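Engineer: The file below is entry-v6.tsv, TSV, N, CA and C atoms:
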chain	number	residue	atom	x	y	z
A	286	MET	N	0.80	-1.18	0.00
A	286	MET	CA	0.00	0.00	0.00
A	286	MET	C	0.85	1.26	0.00
A	287	SER	N	1.92	1.24	0.70
A	287	SER	CA	2.81	2.38	0.72
A	287	SER	C	3.50	2.56	-0.64
A	288	ALA	N	3.63	1.47	-1.37
A	288	ALA	CA	4.23	1.54	-2.71
A	288	ALA	C	3.29	2.29	-3.66
A	289	GLU	N	2.00	2.06	-3.52
A	289	GLU	CA	1.04	2.77	-4.37
A	289	GLU	C	1.04	4.28	-4.08
A	290	VAL	N	1.12	4.66	-2.83
A	290	VAL	CA	1.12	6.06	-2.44
A	290	VAL	C	2.39	6.74	-2.96
A	291	ALA	N	3.52	6.05	-2.88
A	291	ALA	CA	4.79	6.61	-3.34
A	291	ALA	C	4.76	6.80	-4.86
A	292	SER	N	4.19	5.84	-5.60
A	292	SER	CA	4.16	5.96	-7.06
A	292	SER	C	3.22	7.09	-7.50
A	293	VAL	N	2.13	7.30	-6.76
A	293	VAL	CA	1.21	8.39	-7.09
A	293	VAL	C	1.87	9.73	-6.81
A	294	ALA	N	2.63	9.81	-5.73
A	294	ALA	CA	3.28	11.06	-5.36
A	294	ALA	C	4.43	11.39	-6.33
A	295	ALA	N	5.07	10.37	-6.92
A	295	ALA	CA	6.21	10.58	-7.80
A	295	ALA	C	5.79	11.11	-9.17
A	296	VAL	N	4.54	10.85	-9.60
A	296	VAL	CA	4.09	11.30	-10.91
A	296	VAL	C	3.76	12.80	-10.84
A	297	PRO	N	4.47	13.64	-11.65
A	297	PRO	CA	4.16	15.07	-11.60
A	297	PRO	C	2.85	15.36	-12.32
A	298	GLN	N	2.08	16.21	-11.74
A	298	GLN	CA	0.80	16.56	-12.34
A	298	GLN	C	0.98	17.81	-13.20
A	299	VAL	N	0.34	17.80	-14.36
A	299	VAL	CA	0.40	18.94	-15.27
A	299	VAL	C	-0.62	19.96	-14.81
A	300	ASP	N	-0.17	21.21	-14.66
A	300	ASP	CA	-1.08	22.26	-14.23
A	300	ASP	C	-1.98	22.65	-15.40
A	301	ALA	N	-3.22	22.32	-15.31
A	301	ALA	CA	-4.19	22.71	-16.33
A	301	ALA	C	-4.68	24.11	-16.00
A	302	PRO	N	-5.00	24.91	-17.02
A	302	PRO	CA	-5.50	26.25	-16.70
A	302	PRO	C	-6.81	26.15	-15.92
A	303	LYS	N	-6.89	26.97	-14.89
A	303	LYS	CA	-8.07	26.93	-14.04
A	303	LYS	C	-9.26	27.51	-14.79
A	304	PRO	N	-10.40	26.92	-14.68
A	304	PRO	CA	-11.58	27.50	-15.33
A	304	PRO	C	-11.93	28.81	-14.65
A	305	GLN	N	-12.12	29.84	-15.44
A	305	GLN	CA	-12.37	31.16	-14.90
A	305	GLN	C	-13.85	31.42	-14.64
A	306	GLY	N	-14.71	30.69	-15.29
A	306	GLY	CA	-16.13	30.96	-15.14
A	306	GLY	C	-16.56	31.97	-16.19
A	307	MET	N	-17.75	32.49	-16.04
A	307	MET	CA	-18.28	33.44	-17.02
A	307	MET	C	-17.68	34.82	-16.77
A	308	ARG	N	-17.33	35.50	-17.88
A	308	ARG	CA	-16.82	36.87	-17.76
A	308	ARG	C	-17.98	37.82	-17.54
A	309	LYS	N	-17.69	38.89	-16.85
A	309	LYS	CA	-18.75	39.83	-16.51
A	309	LYS	C	-19.27	40.56	-17.76
A	310	ASN	N	-18.36	40.88	-18.69
A	310	ASN	CA	-18.80	41.61	-19.88
A	310	ASN	C	-19.37	40.70	-20.96
A	311	GLY	N	-19.29	39.38	-20.77
A	311	GLY	CA	-19.89	38.45	-21.71
A	311	GLY	C	-19.02	38.10	-22.91
A	312	LYS	N	-17.77	38.58	-22.97
A	312	LYS	CA	-16.90	38.30	-24.12
A	312	LYS	C	-15.96	37.16	-23.77
A	313	GLN	N	-16.48	35.94	-23.82
A	313	GLN	CA	-15.69	34.79	-23.43
A	313	GLN	C	-14.62	34.45	-24.46
A	314	TRP	N	-14.74	34.95	-25.69
A	314	TRP	CA	-13.77	34.58	-26.72
A	314	TRP	C	-12.45	35.33	-26.56
A	315	HIS	N	-12.42	36.41	-25.74
A	315	HIS	CA	-11.18	37.14	-25.52
A	315	HIS	C	-10.31	36.42	-24.51
A	316	GLU	N	-8.97	36.58	-24.69
A	316	GLU	CA	-8.02	36.01	-23.72
A	316	GLU	C	-8.12	36.80	-22.42
A	317	PRO	N	-7.96	36.16	-21.30
A	317	PRO	CA	-7.96	36.92	-20.05
A	317	PRO	C	-6.73	37.82	-19.98
A	318	LYS	N	-6.93	39.03	-19.48
A	318	LYS	CA	-5.84	39.99	-19.41
A	318	LYS	C	-4.89	39.62	-18.29
A	319	LYS	N	-3.61	39.97	-18.52
A	319	LYS	CA	-2.59	39.71	-17.51
A	319	LYS	C	-2.22	41.04	-16.85
A	320	ALA	N	-1.55	40.96	-15.72
A	320	ALA	CA	-1.14	42.16	-14.99
A	320	ALA	C	-0.11	42.93	-15.79
A	321	PHE	N	-0.17	44.26	-15.73
A	321	PHE	CA	0.77	45.12	-16.43
A	321	PHE	C	2.11	45.13	-15.70
A	322	ARG	N	3.15	44.71	-16.42
A	322	ARG	CA	4.48	44.68	-15.84
A	322	ARG	C	5.40	45.52	-16.74
A	323	PRO	N	5.66	46.77	-16.37
A	323	PRO	CA	6.42	47.66	-17.25
A	323	PRO	C	7.87	47.23	-17.48
A	324	LYS	N	8.48	46.51	-16.58
A	324	LYS	CA	9.89	46.12	-16.74
A	324	LYS	C	10.03	44.70	-17.28
A	325	ALA	N	8.94	44.08	-17.69
A	325	ALA	CA	8.99	42.70	-18.15
A	325	ALA	C	9.70	42.56	-19.49
A	326	GLY	N	9.65	43.59	-20.37
A	326	GLY	CA	10.22	43.48	-21.70
A	326	GLY	C	11.65	43.96	-21.81
A	327	ASN	N	12.28	44.32	-20.71
A	327	ASN	CA	13.65	44.82	-20.78
A	327	ASN	C	14.59	43.73	-21.27
A	328	SER	N	15.47	44.09	-22.17
A	328	SER	CA	16.43	43.13	-22.67
A	328	SER	C	17.82	43.54	-22.21
A	329	SER	N	18.77	42.67	-22.41
A	329	SER	CA	20.12	42.94	-21.95
A	329	SER	C	20.78	44.01	-22.82
A	330	TYR	N	21.84	44.60	-22.30
A	330	TYR	CA	22.55	45.67	-23.02
A	330	TYR	C	23.15	45.14	-24.31
A	331	GLU	N	23.71	43.93	-24.26
A	331	GLU	CA	24.33	43.35	-25.45
A	331	GLU	C	23.28	43.14	-26.55
A	332	LYS	N	22.11	42.68	-26.15
A	332	LYS	CA	21.04	42.46	-27.13
A	332	LYS	C	20.61	43.76	-27.77
A	333	ARG	N	20.49	44.81	-26.95
A	333	ARG	CA	20.12	46.12	-27.50
A	333	ARG	C	21.20	46.64	-28.45
A	334	LEU	N	22.47	46.42	-28.10
A	334	LEU	CA	23.56	46.85	-28.98
A	334	LEU	C	23.49	46.13	-30.33
A	335	GLU	N	23.22	44.82	-30.28
A	335	GLU	CA	23.11	44.06	-31.53
A	335	GLU	C	21.95	44.58	-32.38
A	336	GLU	N	20.83	44.90	-31.74
A	336	GLU	CA	19.68	45.43	-32.47
A	336	GLU	C	20.02	46.78	-33.10
A	337	ARG	N	20.75	47.62	-32.36
A	337	ARG	CA	21.14	48.92	-32.90
A	337	ARG	C	22.06	48.77	-34.10
A	338	LYS	N	23.01	47.82	-34.00
A	338	LYS	CA	23.92	47.59	-35.13
A	338	LYS	C	23.15	47.11	-36.35
A	339	ALA	N	22.23	46.19	-36.12
A	339	ALA	CA	21.42	45.68	-37.23
A	339	ALA	C	20.59	46.80	-37.85
A	340	MET	N	20.02	47.65	-37.00
A	340	MET	CA	19.22	48.77	-37.49
A	340	MET	C	20.08	49.75	-38.28
A	341	ALA	N	21.30	49.97	-37.81
A	341	ALA	CA	22.21	50.90	-38.50
A	341	ALA	C	22.57	50.36	-39.89
A	342	THR	N	22.81	49.06	-40.01
A	342	THR	CA	23.13	48.49	-41.32
A	342	THR	C	21.93	48.59	-42.25
A	343	VAL	N	20.74	48.36	-41.73
A	343	VAL	CA	19.53	48.47	-42.56
A	343	VAL	C	19.36	49.91	-43.04
A	344	LYS	N	19.55	50.87	-42.11
A	344	LYS	CA	19.41	52.28	-42.48
A	344	LYS	C	20.44	52.67	-43.54
A	345	ALA	N	21.67	52.18	-43.39
A	345	ALA	CA	22.72	52.50	-44.36
A	345	ALA	C	22.36	51.95	-45.74
A	346	LYS	N	21.85	50.73	-45.76
A	346	LYS	CA	21.46	50.12	-47.04
A	346	LYS	C	20.31	50.90	-47.67
A	347	GLU	N	19.32	51.29	-46.86
A	347	GLU	CA	18.20	52.09	-47.37
A	347	GLU	C	18.69	53.42	-47.94
A	348	LYS	N	19.62	54.06	-47.23
A	348	LYS	CA	20.15	55.34	-47.69
A	348	LYS	C	20.88	55.17	-49.01
A	349	GLU	N	21.67	54.10	-49.11
A	349	GLU	CA	22.40	53.84	-50.35
A	349	GLU	C	21.44	53.61	-51.51
A	350	MET	N	20.38	52.86	-51.26
A	350	MET	CA	19.40	52.59	-52.31
A	350	MET	C	18.70	53.88	-52.74
A	351	LYS	N	18.36	54.74	-51.76
A	351	LYS	CA	17.72	56.01	-52.08
A	351	LYS	C	18.64	56.90	-52.90
A	352	GLU	N	19.92	56.93	-52.53
A	352	GLU	CA	20.88	57.74	-53.28
A	352	GLU	C	21.03	57.25	-54.71
A	353	GLU	N	21.07	55.92	-54.88
A	353	GLU	CA	21.16	55.36	-56.24
A	353	GLU	C	19.93	55.74	-57.06
A	354	LYS	N	18.78	55.64	-56.44
A	354	LYS	CA	17.54	55.97	-57.14
A	354	LYS	C	17.52	57.45	-57.53
A	355	GLU	N	17.95	58.32	-56.60
A	355	GLU	CA	17.98	59.75	-56.89
A	355	GLU	C	18.99	60.08	-57.97
A	356	ALA	N	20.15	59.40	-57.96
A	356	ALA	CA	21.16	59.63	-59.00
A	356	ALA	C	20.62	59.23	-60.37
A	357	GLU	N	19.92	58.11	-60.42
A	357	GLU	CA	19.32	57.67	-61.69
A	357	GLU	C	18.29	58.69	-62.17
A	358	ARG	N	17.49	59.21	-61.25
A	358	ARG	CA	16.48	60.21	-61.61
A	358	ARG	C	17.15	61.49	-62.13
A	359	GLN	N	18.21	61.92	-61.45
A	359	GLN	CA	18.92	63.12	-61.88
A	359	GLN	C	19.55	62.92	-63.26
A	360	ARG	N	20.06	61.72	-63.51
A	360	ARG	CA	20.64	61.43	-64.82
A	360	ARG	C	19.58	61.54	-65.91
A	361	ARG	N	18.39	60.98	-65.65
A	361	ARG	CA	17.31	61.07	-66.63
A	361	ARG	C	16.91	62.53	-66.86
A	362	VAL	N	16.86	63.32	-65.79
A	362	VAL	CA	16.48	64.73	-65.91
A	362	VAL	C	17.49	65.48	-66.77
A	363	THR	N	18.79	65.23	-66.53
A	363	THR	CA	19.80	65.93	-67.33
A	363	THR	C	19.74	65.53	-68.79
A	364	VAL	N	19.46	64.25	-69.05
A	364	VAL	CA	19.34	63.80	-70.45
A	364	VAL	C	18.17	64.53	-71.12
A	365	ILE	N	17.06	64.63	-70.43
A	365	ILE	CA	15.88	65.31	-70.99
A	365	ILE	C	16.19	66.78	-71.23
A	366	LYS	N	16.87	67.44	-70.27
A	366	LYS	CA	17.21	68.86	-70.44
A	366	LYS	C	18.15	69.06	-71.62
A	367	ASP	N	19.13	68.17	-71.76
A	367	ASP	CA	20.06	68.29	-72.89
A	367	ASP	C	19.33	68.13	-74.22
A	368	LYS	N	18.41	67.16	-74.27
A	368	LYS	CA	17.64	66.95	-75.50
A	368	LYS	C	16.81	68.19	-75.84
A	369	ARG	N	16.18	68.77	-74.83
A	369	ARG	CA	15.35	69.97	-75.06
A	369	ARG	C	16.20	71.13	-75.56
A	370	ALA	N	17.38	71.32	-74.93
A	370	ALA	CA	18.26	72.42	-75.34
A	370	ALA	C	18.71	72.23	-76.79
A	371	ALA	N	19.07	70.98	-77.15
A	371	ALA	CA	19.52	70.73	-78.52
A	371	ALA	C	18.38	70.97	-79.50
A	372	LYS	N	17.17	70.57	-79.11
A	372	LYS	CA	16.01	70.77	-79.98
A	372	LYS	C	15.73	72.26	-80.18
A	373	GLU	N	15.80	73.04	-79.10
A	373	GLU	CA	15.58	74.48	-79.21
A	373	GLU	C	16.63	75.14	-80.08
A	374	GLU	N	17.89	74.72	-79.91
A	374	GLU	CA	18.97	75.30	-80.71
A	374	GLU	C	18.78	74.97	-82.19
A	375	LYS	N	18.39	73.73	-82.45
A	375	LYS	CA	18.15	73.32	-83.84
A	375	LYS	C	17.01	74.14	-84.45
A	376	ALA	N	15.95	74.35	-83.68
A	376	ALA	CA	14.82	75.14	-84.18
A	376	ALA	C	15.24	76.59	-84.43
A	377	ARG	N	16.10	77.10	-83.55
A	377	ARG	CA	16.56	78.48	-83.72
A	377	ARG	C	17.40	78.63	-85.00
A	378	TYR	N	18.28	77.66	-85.24
A	378	TYR	CA	19.09	77.71	-86.46
A	378	TYR	C	18.23	77.54	-87.71
A	379	GLU	N	17.21	76.73	-87.62
A	379	GLU	CA	16.30	76.57	-88.77
A	379	GLU	C	15.58	77.89	-89.06
A	380	LYS	N	15.19	78.57	-88.00
A	380	LYS	CA	14.52	79.85	-88.18
A	380	LYS	C	15.47	80.88	-88.81
A	381	LEU	N	16.76	80.86	-88.38
A	381	LEU	CA	17.75	81.74	-88.98
A	381	LEU	C	17.99	81.38	-90.45
A	382	ALA	N	17.97	80.09	-90.74
A	382	ALA	CA	18.24	79.64	-92.10
A	382	ALA	C	17.15	80.09	-93.07
A	383	GLU	N	15.97	80.31	-92.58
A	383	GLU	CA	14.88	80.77	-93.44
A	383	GLU	C	15.19	82.15	-94.01
A	384	THR	N	15.80	82.99	-93.17
A	384	THR	CA	16.05	84.37	-93.60
A	384	THR	C	17.45	84.57	-94.16
A	385	MET	N	18.43	83.76	-93.70
A	385	MET	CA	19.82	83.95	-94.11
A	385	MET	C	20.26	82.87	-95.09
A	386	HIS	N	21.42	83.13	-95.65
A	386	HIS	CA	22.03	82.16	-96.54
A	386	HIS	C	22.57	81.00	-95.71
A	387	LYS	N	22.61	79.78	-96.27
A	387	LYS	CA	23.02	78.57	-95.55
A	387	LYS	C	24.45	78.67	-95.03
A	388	LYS	N	25.35	79.20	-95.85
A	388	LYS	CA	26.75	79.27	-95.42
A	388	LYS	C	26.93	80.24	-94.25
A	389	ARG	N	26.18	81.31	-94.24
A	389	ARG	CA	26.28	82.28	-93.13
A	389	ARG	C	25.81	81.64	-91.82
A	390	VAL	N	24.74	80.83	-91.90
A	390	VAL	CA	24.23	80.14	-90.70
A	390	VAL	C	25.29	79.18	-90.18
A	391	GLU	N	25.97	78.47	-91.08
A	391	GLU	CA	27.04	77.56	-90.66
A	391	GLU	C	28.16	78.32	-89.94
A	392	ARG	N	28.54	79.49	-90.49
A	392	ARG	CA	29.58	80.31	-89.86
A	392	ARG	C	29.14	80.75	-88.46
A	393	LEU	N	27.87	81.14	-88.30
A	393	LEU	CA	27.35	81.55	-86.98
A	393	LEU	C	27.41	80.39	-85.98
A	394	LYS	N	27.07	79.19	-86.47
A	394	LYS	CA	27.12	78.01	-85.59
A	394	LYS	C	28.53	77.80	-85.06
A	395	ARG	N	29.50	77.85	-85.98
A	395	ARG	CA	30.89	77.63	-85.57
A	395	ARG	C	31.34	78.71	-84.59
A	396	LYS	N	30.95	79.94	-84.85
A	396	LYS	CA	31.34	81.06	-83.99
A	396	LYS	C	30.73	80.89	-82.58
A	397	GLU	N	29.46	80.51	-82.53
A	397	GLU	CA	28.81	80.32	-81.22
A	397	GLU	C	29.43	79.16	-80.46
A	398	LYS	N	29.83	78.11	-81.17
A	398	LYS	CA	30.49	76.99	-80.49
A	398	LYS	C	31.82	77.43	-79.89
A	399	ARG	N	32.57	78.26	-80.63
A	399	ARG	CA	33.84	78.76	-80.09
A	399	ARG	C	33.59	79.61	-78.84
A	400	ASN	N	32.55	80.44	-78.88
A	400	ASN	CA	32.22	81.27	-77.71
A	400	ASN	C	31.84	80.42	-76.50
A	401	LYS	N	31.09	79.33	-76.75
A	401	LYS	CA	30.72	78.44	-75.66
A	401	LYS	C	31.95	77.80	-75.03
A	402	MET	N	32.94	77.41	-75.89
A	402	MET	CA	34.15	76.78	-75.39
A	402	MET	C	34.95	77.78	-74.53
A	403	ILE	N	35.00	79.03	-74.95
A	403	ILE	CA	35.75	80.03	-74.20
A	403	ILE	C	35.07	80.29	-72.85
A	404	LYS	N	33.74	80.38	-72.83
A	404	LYS	CA	33.02	80.67	-71.57
A	404	LYS	C	33.10	79.53	-70.58
A	405	SER	N	33.13	78.30	-71.06
A	405	SER	CA	33.13	77.18	-70.12
A	405	SER	C	34.51	76.75	-69.70
Once more with this new file: its structure as structure tokens, please.
Structural biologist:
Amino acid sequence: MSAEVASVAAVPQVDAPKPQGMRKNGKQWHEPKKAFRPKAGNSSYEKRLEERKAMATVKAKEKEMKEEKEAERQRRVTVIKDKRAAKEEKARYEKLAETMHKKRVERLKRKEKRNKMIKS
């Protein structure tokens, strides 16, 4: 008989959640709330340092990607501006060619190119 009592005492019992009964507000499908513990989520200093390092690498990568995207956008803008300027210049020379002789327009083009080279 003492052997039966010892074997029953040796078996650990699993703690089942206690039945709470009916909730006062009637919302039984919600989980029961736990006590507010403001210091429960504190992590160690080393863990926080690792998180900061990881965040810094992510931020650096994001910044690099943004800079690449902005550089590509700026390149497209400059290409468009150059095309517009060339188109305007071509239209201006065509307008001059209507009133002037072709050779004189060519001489003006060469002269303006020399002036641009001197100014820049």
Engineer: Output, as lines of an AutoDock Vina configuration file, the centre and edge lengths in Å (one decimal) of the axis-aligned box that contains all listed atoms of segment 371-387 of chain A with 4 Å of margin on each side.
Structural biologist:
center_x = 19.5
center_y = 77.6
center_z = -86.8
size_x = 17.9
size_y = 22.0
size_z = 27.4
Engineer: Using atom N of Ile403 of chain A and atom CA of Ile365 of chain A as the two end points, give the distance in Å to one decimal.
Structural biologist: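 Between atom N of Ile403 of chain A and atom CA of Ile365 of chain A the gap works out to 23.9 Å.
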Engineer: How far is it from atom C of His315 of chain A to atom C of Asn327 of chain A, in Å with one decimal?
Structural biologist: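 A separation of 26.2 Å between them.
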Engineer: To one decimal place in Å, what is the distance between atom N of Glu391 of chain A and atom CA of Tyr378 of chain A?
Structural biologist: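 That distance, rounded to one decimal, is 8.3 Å.
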Engineer: For Lys398 of chain A, which residue among A:Met385, A:Glu374, A:Asn310, A:Lys366 is the nearest when counting only C-alpha atoms?
Structural biologist: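 Closest residue, counting only C-alpha atoms: A:Glu374.
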Engineer: Please identify all polymer residues within 12 Å of Arg377 of chain A, counting only C-alpha atoms, omitting same-chain residues fewer than 5 positions from it, and present them as a list in words.
Structural biologist: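 These residues fall inside the cut-off: Ala370, Ala371, Lys372, Ala382, Glu383, Thr384, Val390, Leu393 and Lys394 of chain A.
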Engineer: Using DSSP on the backbone, list every residue of chain A that comes out as helix (DSSP H, G or I), and give them as a ChimeraX atom specification.
Structural biologist: /A:287-295,330-384,387-404
Engineer: Any chance you could model N, CA, C and O atoms for segment 387-402 of chain A and send them as a compact mmCIF listing (two decimals), in the coordinates of the input?
Structural biologist:
# COMPACT_ATOMS: atom_id res chain seq x y z
N LYS A 387 22.61 79.78 -96.27
CA LYS A 387 23.02 78.57 -95.55
C LYS A 387 24.45 78.67 -95.03
O LYS A 387 24.73 78.30 -93.89
N LYS A 388 25.35 79.20 -95.85
CA LYS A 388 26.75 79.27 -95.42
C LYS A 388 26.93 80.24 -94.25
O LYS A 388 27.74 80.00 -93.36
N ARG A 389 26.18 81.31 -94.24
CA ARG A 389 26.28 82.28 -93.13
C ARG A 389 25.81 81.64 -91.82
O ARG A 389 26.38 81.87 -90.75
N VAL A 390 24.74 80.83 -91.90
CA VAL A 390 24.23 80.14 -90.70
C VAL A 390 25.29 79.18 -90.18
O VAL A 390 25.52 79.08 -88.96
N GLU A 391 25.97 78.47 -91.08
CA GLU A 391 27.04 77.56 -90.66
C GLU A 391 28.16 78.32 -89.94
O GLU A 391 28.68 77.86 -88.93
N ARG A 392 28.54 79.49 -90.49
CA ARG A 392 29.58 80.31 -89.86
C ARG A 392 29.14 80.75 -88.46
O ARG A 392 29.93 80.72 -87.50
N LEU A 393 27.87 81.14 -88.30
CA LEU A 393 27.35 81.55 -86.98
C LEU A 393 27.41 80.39 -85.98
O LEU A 393 27.75 80.59 -84.81
N LYS A 394 27.07 79.19 -86.47
CA LYS A 394 27.12 78.01 -85.59
C LYS A 394 28.53 77.80 -85.06
O LYS A 394 28.73 77.60 -83.85
N ARG A 395 29.50 77.85 -85.98
CA ARG A 395 30.89 77.63 -85.57
C ARG A 395 31.34 78.71 -84.59
O ARG A 395 32.00 78.42 -83.58
N LYS A 396 30.95 79.94 -84.85
CA LYS A 396 31.34 81.06 -83.99
C LYS A 396 30.73 80.89 -82.58
O LYS A 396 31.41 81.10 -81.56
N GLU A 397 29.46 80.51 -82.53
CA GLU A 397 28.81 80.32 -81.22
C GLU A 397 29.43 79.16 -80.46
O GLU A 397 29.57 79.21 -79.23
N LYS A 398 29.83 78.11 -81.17
CA LYS A 398 30.49 76.99 -80.49
C LYS A 398 31.82 77.43 -79.89
O LYS A 398 32.18 77.03 -78.78
N ARG A 399 32.57 78.26 -80.63
CA ARG A 399 33.84 78.76 -80.09
C ARG A 399 33.59 79.61 -78.84
O ARG A 399 34.31 79.50 -77.85
N ASN A 400 32.55 80.44 -78.88
CA ASN A 400 32.22 81.27 -77.71
C ASN A 400 31.84 80.42 -76.50
O ASN A 400 32.21 80.73 -75.37
N LYS A 401 31.09 79.33 -76.75
CA LYS A 401 30.72 78.44 -75.66
C LYS A 401 31.95 77.80 -75.03
O LYS A 401 32.06 77.67 -73.82
N MET A 402 32.94 77.41 -75.89
CA MET A 402 34.15 76.78 -75.39
C MET A 402 34.95 77.78 -74.53
O MET A 402 35.49 77.41 -73.50
